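**Q** So here's final.txt (compact mmCIF, C-alpha atoms).
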# COMPACT_ATOMS: atom_id res chain seq x y z
CA MET A 1 99.81 179.80 138.61
CA ARG A 2 99.87 183.58 139.09
CA ASP A 3 96.56 185.07 140.30
CA SER A 4 94.91 181.65 140.50
CA LYS A 5 93.23 182.32 143.86
CA LEU A 6 92.14 185.81 142.88
CA PHE A 7 90.75 184.43 139.63
CA ASP A 8 88.70 181.78 141.43
CA GLU A 9 87.29 184.42 143.78
CA ALA A 10 86.48 186.78 140.91
CA VAL A 11 84.70 184.05 138.95
CA GLU A 12 82.62 183.07 141.98
CA LYS A 13 81.74 186.64 142.83
CA PHE A 14 80.96 187.98 139.36
CA PHE A 15 80.21 185.08 137.03
CA ARG A 16 78.36 182.72 139.38
CA PRO A 17 75.35 185.10 139.64
CA ILE A 18 75.00 185.18 135.83
CA ALA A 19 75.11 181.38 135.67
CA GLN A 20 72.45 181.17 138.38
CA LYS A 21 70.27 183.74 136.64
CA LEU A 22 70.43 181.78 133.39
CA HIS A 23 70.11 178.39 135.17
CA LEU A 24 73.45 177.30 133.72
CA SER A 25 76.26 175.40 135.35
CA LEU A 26 79.64 176.95 135.97
CA ALA A 27 82.37 174.34 136.18
CA ARG A 28 86.04 174.63 136.99
CA ILE A 29 87.71 172.69 134.18
CA GLN A 30 91.24 173.07 135.46
CA GLU A 31 93.32 175.66 137.23
CA GLY A 32 92.67 179.00 135.54
CA ILE A 33 89.78 177.79 133.38
CA TYR A 34 85.99 177.73 133.93
CA ASP A 35 83.24 176.81 131.45
CA MET A 36 79.62 177.95 131.50
CA PRO A 37 77.83 175.75 128.94
CA SER A 38 74.36 176.19 127.49
CA ARG A 39 72.60 174.15 124.79
CA PHE A 40 73.84 176.63 122.22
CA PHE A 41 77.20 178.04 123.27
CA ILE A 42 79.90 177.58 125.89
CA LEU A 43 81.32 180.56 127.71
CA ARG A 44 84.93 180.03 128.73
CA ILE A 45 86.49 182.17 131.44
CA ARG A 46 90.24 181.90 131.34
CA LEU A 47 93.02 183.36 133.43
CA ASP A 48 95.51 185.17 131.21
CA THR A 49 98.80 183.30 131.30
CA GLY A 50 100.72 185.80 129.19
CA HIS A 51 102.46 189.02 130.19
CA ALA A 52 99.25 190.82 131.02
CA ARG A 53 97.43 190.12 134.25
CA GLY A 54 93.71 189.59 133.89
CA LEU A 55 91.30 187.22 132.26
CA ASN A 56 89.79 186.39 128.90
CA VAL A 57 86.15 185.54 128.24
CA ILE A 58 85.55 183.46 125.14
CA LEU A 59 82.48 182.00 123.42
CA ARG A 60 82.43 178.85 121.29
CA PRO A 61 79.58 176.76 119.87
CA ALA A 62 78.27 174.01 122.13
CA SER A 63 79.12 171.55 119.35
CA TRP A 64 82.76 172.03 120.39
CA PRO A 65 82.72 170.83 124.01
CA ASP A 66 86.33 169.63 124.06
CA ILE A 67 88.81 171.89 122.39
CA ASP A 68 92.43 172.75 122.10
CA GLU A 69 91.97 176.42 122.82
CA ASN A 70 95.37 177.21 121.32
CA ASP A 71 94.38 175.68 117.99
CA PRO A 72 93.53 178.57 115.64
CA LYS A 73 91.00 176.35 113.86
CA THR A 74 88.86 176.19 117.00
CA PRO A 75 85.78 178.38 116.45
CA GLN A 76 86.09 180.69 119.44
CA LEU A 77 85.71 184.42 119.87
CA GLY A 78 86.63 186.70 122.73
CA ILE A 79 83.76 188.74 124.11
CA VAL A 80 85.49 191.92 122.92
CA CYS A 81 85.05 190.67 119.34
CA PHE A 82 81.26 190.79 119.70
CA ALA A 83 81.44 194.32 121.03
CA GLN A 84 83.55 195.32 118.02
CA PHE A 85 81.14 193.60 115.64
CA TYR A 86 78.31 195.66 117.08
CA GLY A 87 80.34 198.84 116.78
CA GLU A 88 81.25 199.24 120.41
CA GLN A 89 84.53 199.28 122.27
CA ILE A 90 84.46 197.79 125.70
CA GLN A 91 87.05 199.07 128.08
CA GLN A 92 88.73 195.77 128.85
CA THR A 93 91.66 196.58 126.64
CA LEU A 94 92.02 200.00 128.25
CA ILE A 95 92.46 198.56 131.71
CA LYS A 96 96.00 197.61 132.54
CA VAL A 97 95.89 195.22 135.45
CA TYR A 98 98.60 196.02 137.95
CA THR A 99 96.75 195.48 141.22
CA ASP A 100 94.16 193.06 142.55
CA GLU A 101 91.65 195.92 142.43
CA ASP A 102 92.39 196.41 138.71
CA PHE A 103 91.86 192.68 138.22
CA LEU A 104 88.43 192.85 139.82
CA ASN A 105 87.52 195.97 137.86
CA GLN A 106 88.44 194.23 134.63
CA THR A 107 86.33 191.25 135.69
CA LYS A 108 83.35 193.55 136.31
CA LEU A 109 83.69 195.09 132.84
CA LEU A 110 83.86 191.68 131.24
CA VAL A 111 80.80 190.52 133.12
CA GLU A 112 78.90 193.57 131.85
CA ALA A 113 80.05 192.69 128.34
CA VAL A 114 78.89 189.10 128.78
CA GLU A 115 75.47 190.31 129.90
CA ARG A 116 75.15 192.54 126.84
CA PHE A 117 76.87 190.52 124.13
CA GLY A 118 77.28 186.96 125.41
CA VAL A 119 73.95 186.09 127.02
CA PRO A 120 71.94 186.25 123.76
CA TYR A 121 74.24 183.58 122.31
CA LEU A 122 74.02 181.43 125.43
CA LEU A 123 70.23 181.62 125.17
CA GLY A 124 70.23 180.74 121.47
CA GLN A 125 68.86 184.12 120.44
CA LYS A 126 71.66 184.90 117.97
CA ASP A 127 72.76 183.02 114.89
CA ASP A 128 75.43 185.33 113.51
CA PHE A 129 78.48 183.71 115.13
CA GLU A 130 80.07 182.91 111.76
CA ALA A 131 79.49 186.46 110.56
CA VAL A 132 81.31 187.76 113.64
CA ARG A 133 84.17 185.35 112.98
CA GLU A 134 84.45 186.57 109.40
CA PHE A 135 84.35 190.21 110.53
CA ILE A 136 87.12 189.64 113.08
CA LYS A 137 89.22 187.71 110.59
CA LYS A 138 89.06 190.61 108.14
CA ARG A 139 89.72 193.11 110.89
CA GLY A 140 92.84 191.18 111.93
CA GLU A 141 94.24 190.96 108.40
CA PRO A 142 96.63 193.99 108.67
CA GLU A 143 98.17 192.63 111.88
CA LEU A 144 98.49 189.21 110.27
CA GLN A 145 100.30 190.68 107.27
CA LYS A 146 102.62 192.57 109.61
CA ILE A 147 103.54 189.37 111.43
CA LYS A 148 104.10 187.55 108.14
CA GLU A 149 106.45 190.32 107.04
CA ILE A 150 108.37 190.14 110.33
CA GLN A 151 108.62 186.40 109.90
CA ARG A 152 109.88 186.84 106.33
CA ILE A 153 112.56 189.33 107.44
CA ILE A 154 113.79 187.00 110.17
CA GLU A 155 113.85 184.03 107.79
CA HIS A 156 115.84 186.07 105.27
CA ASN A 157 118.31 187.77 107.59
CA MET A 158 118.75 185.16 110.29
CA PRO A 159 118.44 181.78 108.60
CA SER A 160 119.88 180.06 111.67
CA VAL A 161 116.78 180.92 113.69
CA ARG A 162 114.89 177.68 114.07
CA GLN A 163 111.29 178.19 113.14
CA GLU A 164 110.16 174.91 114.54
CA TRP A 165 106.96 174.89 116.45
CA ILE A 166 107.61 171.42 117.74
CA ILE A 167 111.19 170.45 118.39
CA PRO A 168 111.66 166.69 118.03
CA GLU A 169 112.30 165.14 121.43
CA ASP A 170 115.51 163.47 120.26
CA GLU A 171 116.92 166.88 119.34
CA MET A 172 116.27 168.35 122.76
CA PRO A 173 119.49 169.01 124.66
CA GLN A 174 119.41 167.00 127.87
CA MET B 1 123.35 200.54 124.46
CA GLY B 2 124.22 199.23 121.01
CA LEU B 3 123.87 195.70 119.76
CA GLY B 4 127.04 193.67 119.30
CA LEU B 5 127.44 193.11 115.57
CA ASP B 6 129.81 190.15 115.87
CA ALA B 7 127.52 188.49 118.33
CA GLY B 8 124.61 189.16 116.03
CA LEU B 9 126.41 187.57 113.12
CA ASP B 10 127.11 184.54 115.24
CA ALA B 11 123.45 184.41 116.17
CA ALA B 12 122.62 184.51 112.50
CA GLY B 13 125.02 181.65 111.84
CA LEU B 14 127.29 183.98 109.86
CA GLY B 15 130.32 184.03 112.13
CA ASP B 16 132.34 181.99 109.66
CA VAL B 17 131.24 184.12 106.71
CA ALA B 18 132.55 187.16 108.49
CA GLY B 19 135.84 185.38 109.09
CA GLY B 20 135.34 185.16 112.82
CA ALA B 21 135.28 182.24 115.15
CA VAL B 22 132.42 181.77 117.56
CA LYS B 23 132.93 184.58 119.99
CA CYS B 24 130.38 183.62 122.57
CA PRO B 25 131.25 180.21 123.96
CA ASN B 26 128.66 180.59 126.69
CA ARG B 27 125.77 181.21 124.40
CA ASN B 28 122.44 179.59 125.10
CA ILE B 29 119.47 178.62 123.06
CA THR B 30 117.04 181.47 123.57
CA VAL B 31 113.47 180.26 123.22
CA LEU B 32 110.74 182.60 121.97
CA GLY B 33 107.06 181.72 121.78
CA SER B 34 103.78 181.74 123.64
CA GLY B 35 103.88 181.28 127.40
CA ARG B 36 102.45 177.80 127.04
CA ASP B 37 104.98 176.64 124.45
CA VAL B 38 107.97 178.27 126.14
CA ALA B 39 107.00 176.58 129.42
CA ASN B 40 108.40 173.31 128.04
CA TYR B 41 111.89 174.82 128.08
CA VAL B 42 111.88 176.68 131.38
CA ASP B 43 114.68 175.59 133.73
CA ARG B 44 116.21 173.25 131.14
CA PRO B 45 119.98 173.55 131.08
CA GLY B 46 121.23 175.43 128.04
CA PHE B 47 117.91 177.13 127.38
CA ASN B 48 117.27 180.79 128.00
CA THR B 49 113.64 181.70 128.64
CA PHE B 50 111.78 184.74 129.93
CA THR B 51 108.93 183.91 132.28
CA GLY B 52 108.48 187.17 134.14
CA LYS B 53 108.58 185.23 137.40
CA GLY B 54 109.33 187.50 140.34
CA ILE B 55 109.15 190.65 138.21
CA ASP B 56 106.64 193.40 138.92
CA PRO B 57 104.08 193.34 136.07
CA LEU B 58 104.77 197.05 135.58
CA ASP B 59 108.30 196.14 134.52
CA TRP B 60 107.55 193.07 132.43
CA ASN B 61 107.84 194.59 128.98
CA ARG B 62 110.98 196.53 129.82
CA GLU B 63 112.63 193.51 131.46
CA ASN B 64 111.54 191.31 128.55
CA ALA B 65 113.17 193.70 126.09
CA LEU B 66 116.37 193.92 128.15
CA TRP B 67 116.49 190.13 128.41
CA LEU B 68 116.12 189.73 124.65
CA ASN B 69 118.70 192.42 123.96
CA ARG B 70 121.19 190.57 126.16
CA ALA B 71 120.49 187.33 124.27
CA LEU B 72 121.06 189.04 120.92
CA GLN B 73 124.30 190.57 122.13
CA ASN B 74 125.40 187.26 123.55
CA GLY B 75 125.03 185.63 120.14
CA ASP B 76 122.50 183.12 121.39
CA GLU B 77 120.93 180.63 119.04
CA PHE B 78 117.20 181.32 118.65
CA TRP B 79 114.35 178.87 118.53
CA LEU B 80 110.85 180.06 117.73
CA VAL B 81 108.58 177.45 119.27
CA THR B 82 105.21 178.99 118.41
CA ASN B 83 104.00 179.52 114.86
CA PRO B 84 103.65 183.32 114.65
CA THR B 85 100.93 183.31 112.00
CA ALA B 86 98.79 180.79 113.83
CA HIS B 87 99.34 182.62 117.11
CA GLN B 88 98.34 185.95 115.57
CA ASN B 89 95.12 184.35 114.34
CA LEU B 90 94.49 183.02 117.81
CA MET B 91 95.15 186.39 119.47
CA THR B 92 92.81 188.11 117.01
CA SER B 93 90.03 185.64 117.63
CA VAL B 94 90.16 185.82 121.40
CA GLY B 95 90.91 189.54 121.51
CA ALA B 96 94.17 189.13 123.42
CA GLN B 97 97.69 190.51 123.14
CA SER B 98 100.99 188.66 122.91
CA ALA B 99 104.44 189.87 123.92
CA TYR B 100 105.89 187.24 121.59
CA LEU B 101 104.19 188.87 118.60
CA ASN B 102 104.19 192.50 119.67
CA LEU B 103 107.56 192.80 121.36
CA GLU B 104 109.94 189.88 120.84
CA LEU B 105 109.56 189.13 117.13
CA PRO B 106 109.64 192.82 116.10
CA MET B 107 112.84 193.24 118.16
CA VAL B 108 114.52 190.28 116.48
CA SER B 109 113.34 191.44 113.07
CA HIS B 110 114.55 194.98 113.67
CA TYR B 111 117.87 193.72 114.89
CA SER B 112 118.34 191.45 111.90
CA ASP B 113 117.26 194.14 109.49
CA SER B 114 119.48 196.88 110.83
CA GLU B 115 121.40 198.90 108.31
CA ALA B 116 124.75 197.95 109.79
CA PHE B 117 123.86 194.30 109.68
CA ASN B 118 122.92 194.46 106.02
CA MET B 119 126.05 196.42 105.17
CA TYR B 120 128.18 193.81 106.88
CA LEU B 121 126.38 191.08 104.98
CA MET B 122 127.12 192.81 101.67
CA LEU B 123 130.79 193.14 102.57
CA ALA B 124 130.89 189.51 103.63
CA LYS B 125 129.57 188.46 100.24
Have the structure of the file written as structure tokens, please.

**A**
Amino acid sequence: MRDSKLFDEAVEKFFRPIAQKLHLSLARIQEGIYDMPSRFFILRIRLDTGHARGLNVILRPASWPDIDENDPKTPQLGIVCFAQFYGEQIQQTLIKVYTDEDFLNQTKLLVEAVERFGVPYLLGQKDDFEAVREFIKKRGEPELQKIKEIQRIIEHNMPSVRQEWIIPEDEMPQ
Amino acid sequence: MGLGLDAGLDAAGLGDVAGGAVKCPNRNITVLGSGRDVANYVDRPGFNTFTGKGIDPLDWNRENALWLNRALQNGDEFWLVTNPTAHQNLMTSVGAQSAYLNLELPMVSHYSDSEAFNMYLMLAK
């Protein structure tokens, strides 16, 4: 996996001290994924596997220890969402990661965001997680409508495009 | 570089409507979706996927667009293997970006919705 070694090093260097300070464990779940669980929330640190280099930091309630993180029903929020909820813009999205140094700089910014916005949840000092989810859902509504419109246009103009999220195995060309 | 209209009609399954035979015998199934979902099709014969492997991250979006443009011109069949609505919800909740949603689907939509394409459809009817 791209950046796997760099990711491991960045997590150890920047996230391990927070875990130690809060007396929380920091476990490598699988390649590219670490969890820092508390009694209240679980902080997931995840290597970005998409186009962009970098990492994502995500909070979910401790009542969801095992999740399919790609399932939209999973109650999880990126740390940037909390910053937005509190009227701030952290610079993570402004940093384009092209070099290893950029990667580490992005990690540092995310760690700062975790200290400001994530730690209170990990310590059980905040109970507005659902309010943040609702805020982010509303905020994402215009983008969602745009995607639905794009989907509608493709369905209308290119009916041969298979919109099948799971292709049956027996239809897979060998 | 323009998009090949005949190839596009084939991609849309309208080659016969337009009175043309399949003009791209070497067409693939081009797979669009999230990195995780597309991974199931990487290196499978007959499937065309973009992984960005070996490409400088600076060039990823440009190369992705060029790759998709070639697939459209080639008259490839398209499979969307990630639910766009669900994926948008996911991206919003984790505060991430997706080339599938922000680059690939808009390109396909724009291509399919082009004025020339619609005019050809009207004539075909």

**Q** Considering all atoms listed in the file, tabulate each residue of chain A that lies at most 8 Å from chain B along with its nearest interatomic pair and the corresponding distance in Å to one decimal; arrange the rows by chain and ascending residue number and present them as a tab-separated table.

**A**
residue	atom	partner	partner_atom	distance
A:Thr49	CA	B:Gly35	CA	6.7
A:Gly50	CA	B:Gly35	CA	5.8
A:His51	CA	B:Ala99	CA	6.6
A:Ala52	CA	B:Pro57	CA	7.4
A:Arg53	CA	B:Pro57	CA	7.6
A:Asn56	CA	B:Val94	CA	7.5
A:Val57	CA	B:Val94	CA	7.9
A:Ile58	CA	B:Val94	CA	6.4
A:Asn70	CA	B:Leu90	CA	6.8
A:Asp71	CA	B:Leu90	CA	7.3
A:Pro72	CA	B:Leu90	CA	5.0
A:Gln76	CA	B:Ser93	CA	6.6
A:Leu77	CA	B:Val94	CA	4.9
A:Gly78	CA	B:Val94	CA	3.9
A:Ile79	CA	B:Val94	CA	7.5
A:Val80	CA	B:Gly95	CA	6.1
A:Cys81	CA	B:Gly95	CA	6.4
A:Tyr98	CA	B:Pro57	CA	6.4
A:Arg133	CA	B:Ser93	CA	7.5
A:Ile136	CA	B:Ser93	CA	6.7
A:Lys137	CA	B:Thr92	CA	7.4
A:Gly140	CA	B:Thr92	CA	5.9
A:Glu143	CA	B:Gln88	CA	7.6
A:Leu144	CA	B:Gln88	CA	6.2
A:Ile147	CA	B:Thr85	CA	6.6
A:Lys148	CA	B:Thr85	CA	6.6
A:Ile150	CA	B:Ser109	CA	5.8
A:Gln151	CA	B:Pro84	CA	7.5
A:Ile153	CA	B:Ser109	CA	6.1
A:Ile154	CA	B:Ser109	CA	5.3
A:Asn157	CA	B:Ser112	CA	5.7
A:Met158	CA	B:Ala12	CA	4.5
A:Pro159	CA	B:Ala12	CA	6.3
A:Ser160	CA	B:Ala12	CA	5.3
A:Val161	CA	B:Phe78	CA	5.0
A:Arg162	CA	B:Trp79	CA	4.6
A:Gln163	CA	B:Leu80	CA	5.0
A:Glu164	CA	B:Val81	CA	5.6
A:Trp165	CA	B:Val81	CA	4.1
A:Ile166	CA	B:Val81	CA	6.3
A:Ile167	CA	B:Val81	CA	7.5
A:Pro173	CA	B:Gly46	CA	7.5
A:Gln174	CA	B:Pro45	CA	7.3

**Q** Using only C-alpha atoms, please write the residues we just selected to a file, as a PDB file, in the frame of the given file.

**A**
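Writing done, so here's selection.pdb:
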ATOM      1  CA  THR A  49      98.800 183.300 131.300  1.00  0.00           C
ATOM      2  CA  GLY A  50     100.720 185.800 129.190  1.00  0.00           C
ATOM      3  CA  HIS A  51     102.460 189.020 130.190  1.00  0.00           C
ATOM      4  CA  ALA A  52      99.250 190.820 131.020  1.00  0.00           C
ATOM      5  CA  ARG A  53      97.430 190.120 134.250  1.00  0.00           C
ATOM      6  CA  ASN A  56      89.790 186.390 128.900  1.00  0.00           C
ATOM      7  CA  VAL A  57      86.150 185.540 128.240  1.00  0.00           C
ATOM      8  CA  ILE A  58      85.550 183.460 125.140  1.00  0.00           C
ATOM      9  CA  ASN A  70      95.370 177.210 121.320  1.00  0.00           C
ATOM     10  CA  ASP A  71      94.380 175.680 117.990  1.00  0.00           C
ATOM     11  CA  PRO A  72      93.530 178.570 115.640  1.00  0.00           C
ATOM     12  CA  GLN A  76      86.090 180.690 119.440  1.00  0.00           C
ATOM     13  CA  LEU A  77      85.710 184.420 119.870  1.00  0.00           C
ATOM     14  CA  GLY A  78      86.630 186.700 122.730  1.00  0.00           C
ATOM     15  CA  ILE A  79      83.760 188.740 124.110  1.00  0.00           C
ATOM     16  CA  VAL A  80      85.490 191.920 122.920  1.00  0.00           C
ATOM     17  CA  CYS A  81      85.050 190.670 119.340  1.00  0.00           C
ATOM     18  CA  TYR A  98      98.600 196.020 137.950  1.00  0.00           C
ATOM     19  CA  ARG A 133      84.170 185.350 112.980  1.00  0.00           C
ATOM     20  CA  ILE A 136      87.120 189.640 113.080  1.00  0.00           C
ATOM     21  CA  LYS A 137      89.220 187.710 110.590  1.00  0.00           C
ATOM     22  CA  GLY A 140      92.840 191.180 111.930  1.00  0.00           C
ATOM     23  CA  GLU A 143      98.170 192.630 111.880  1.00  0.00           C
ATOM     24  CA  LEU A 144      98.490 189.210 110.270  1.00  0.00           C
ATOM     25  CA  ILE A 147     103.540 189.370 111.430  1.00  0.00           C
ATOM     26  CA  LYS A 148     104.100 187.550 108.140  1.00  0.00           C
ATOM     27  CA  ILE A 150     108.370 190.140 110.330  1.00  0.00           C
ATOM     28  CA  GLN A 151     108.620 186.400 109.900  1.00  0.00           C
ATOM     29  CA  ILE A 153     112.560 189.330 107.440  1.00  0.00           C
ATOM     30  CA  ILE A 154     113.790 187.000 110.170  1.00  0.00           C
ATOM     31  CA  ASN A 157     118.310 187.770 107.590  1.00  0.00           C
ATOM     32  CA  MET A 158     118.750 185.160 110.290  1.00  0.00           C
ATOM     33  CA  PRO A 159     118.440 181.780 108.600  1.00  0.00           C
ATOM     34  CA  SER A 160     119.880 180.060 111.670  1.00  0.00           C
ATOM     35  CA  VAL A 161     116.780 180.920 113.690  1.00  0.00           C
ATOM     36  CA  ARG A 162     114.890 177.680 114.070  1.00  0.00           C
ATOM     37  CA  GLN A 163     111.290 178.190 113.140  1.00  0.00           C
ATOM     38  CA  GLU A 164     110.160 174.910 114.540  1.00  0.00           C
ATOM     39  CA  TRP A 165     106.960 174.890 116.450  1.00  0.00           C
ATOM     40  CA  ILE A 166     107.610 171.420 117.740  1.00  0.00           C
ATOM     41  CA  ILE A 167     111.190 170.450 118.390  1.00  0.00           C
ATOM     42  CA  PRO A 173     119.490 169.010 124.660  1.00  0.00           C
ATOM     43  CA  GLN A 174     119.410 167.000 127.870  1.00  0.00           C
TER      44      GLN A 174
END

**Q** What does the distance between CA of Phe15 (chain A) and CA of Glu130 (chain A) come to in Å, to one decimal place?

**A**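 Computing it gives 25.4 Å between the two atoms.
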
**Q** How many Å lie between CA of Glu149 (chain A) and CA of Leu103 (chain B), rounded to one decimal?

**A**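 The value is 14.6 Å.
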
**Q** When you look at Ala27 (chain A) with a cut-off of 12 Å (counting only C-alpha atoms), what residues show up, excluding the ones that are within fewer than 2 positions of it in the same chain? I need them as number ranges by chain.

**A** A: 8, 11-12, 15-16, 19, 24-25, 29-38, 42-46

**Q** With a distance cut-off of 7 Å and only C-alpha atoms, select the neighbouring residues of region 104-120 of chain A, excluding the residue or stretch itself and same-chain residues fewer than 2 positions from it, and output the selection as a count of residues only.

**A** 16

**Q** Would you please work out which residue, of A:Phe103, A:Lys21, A:Glu88, A:Lys96, is nearest to Glu9 (chain A) when using only C-alpha atoms?

**A**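 Ranking A:Phe103, A:Lys21, A:Glu88, A:Lys96 by distance to Glu9 (chain A), first place goes to A:Phe103.
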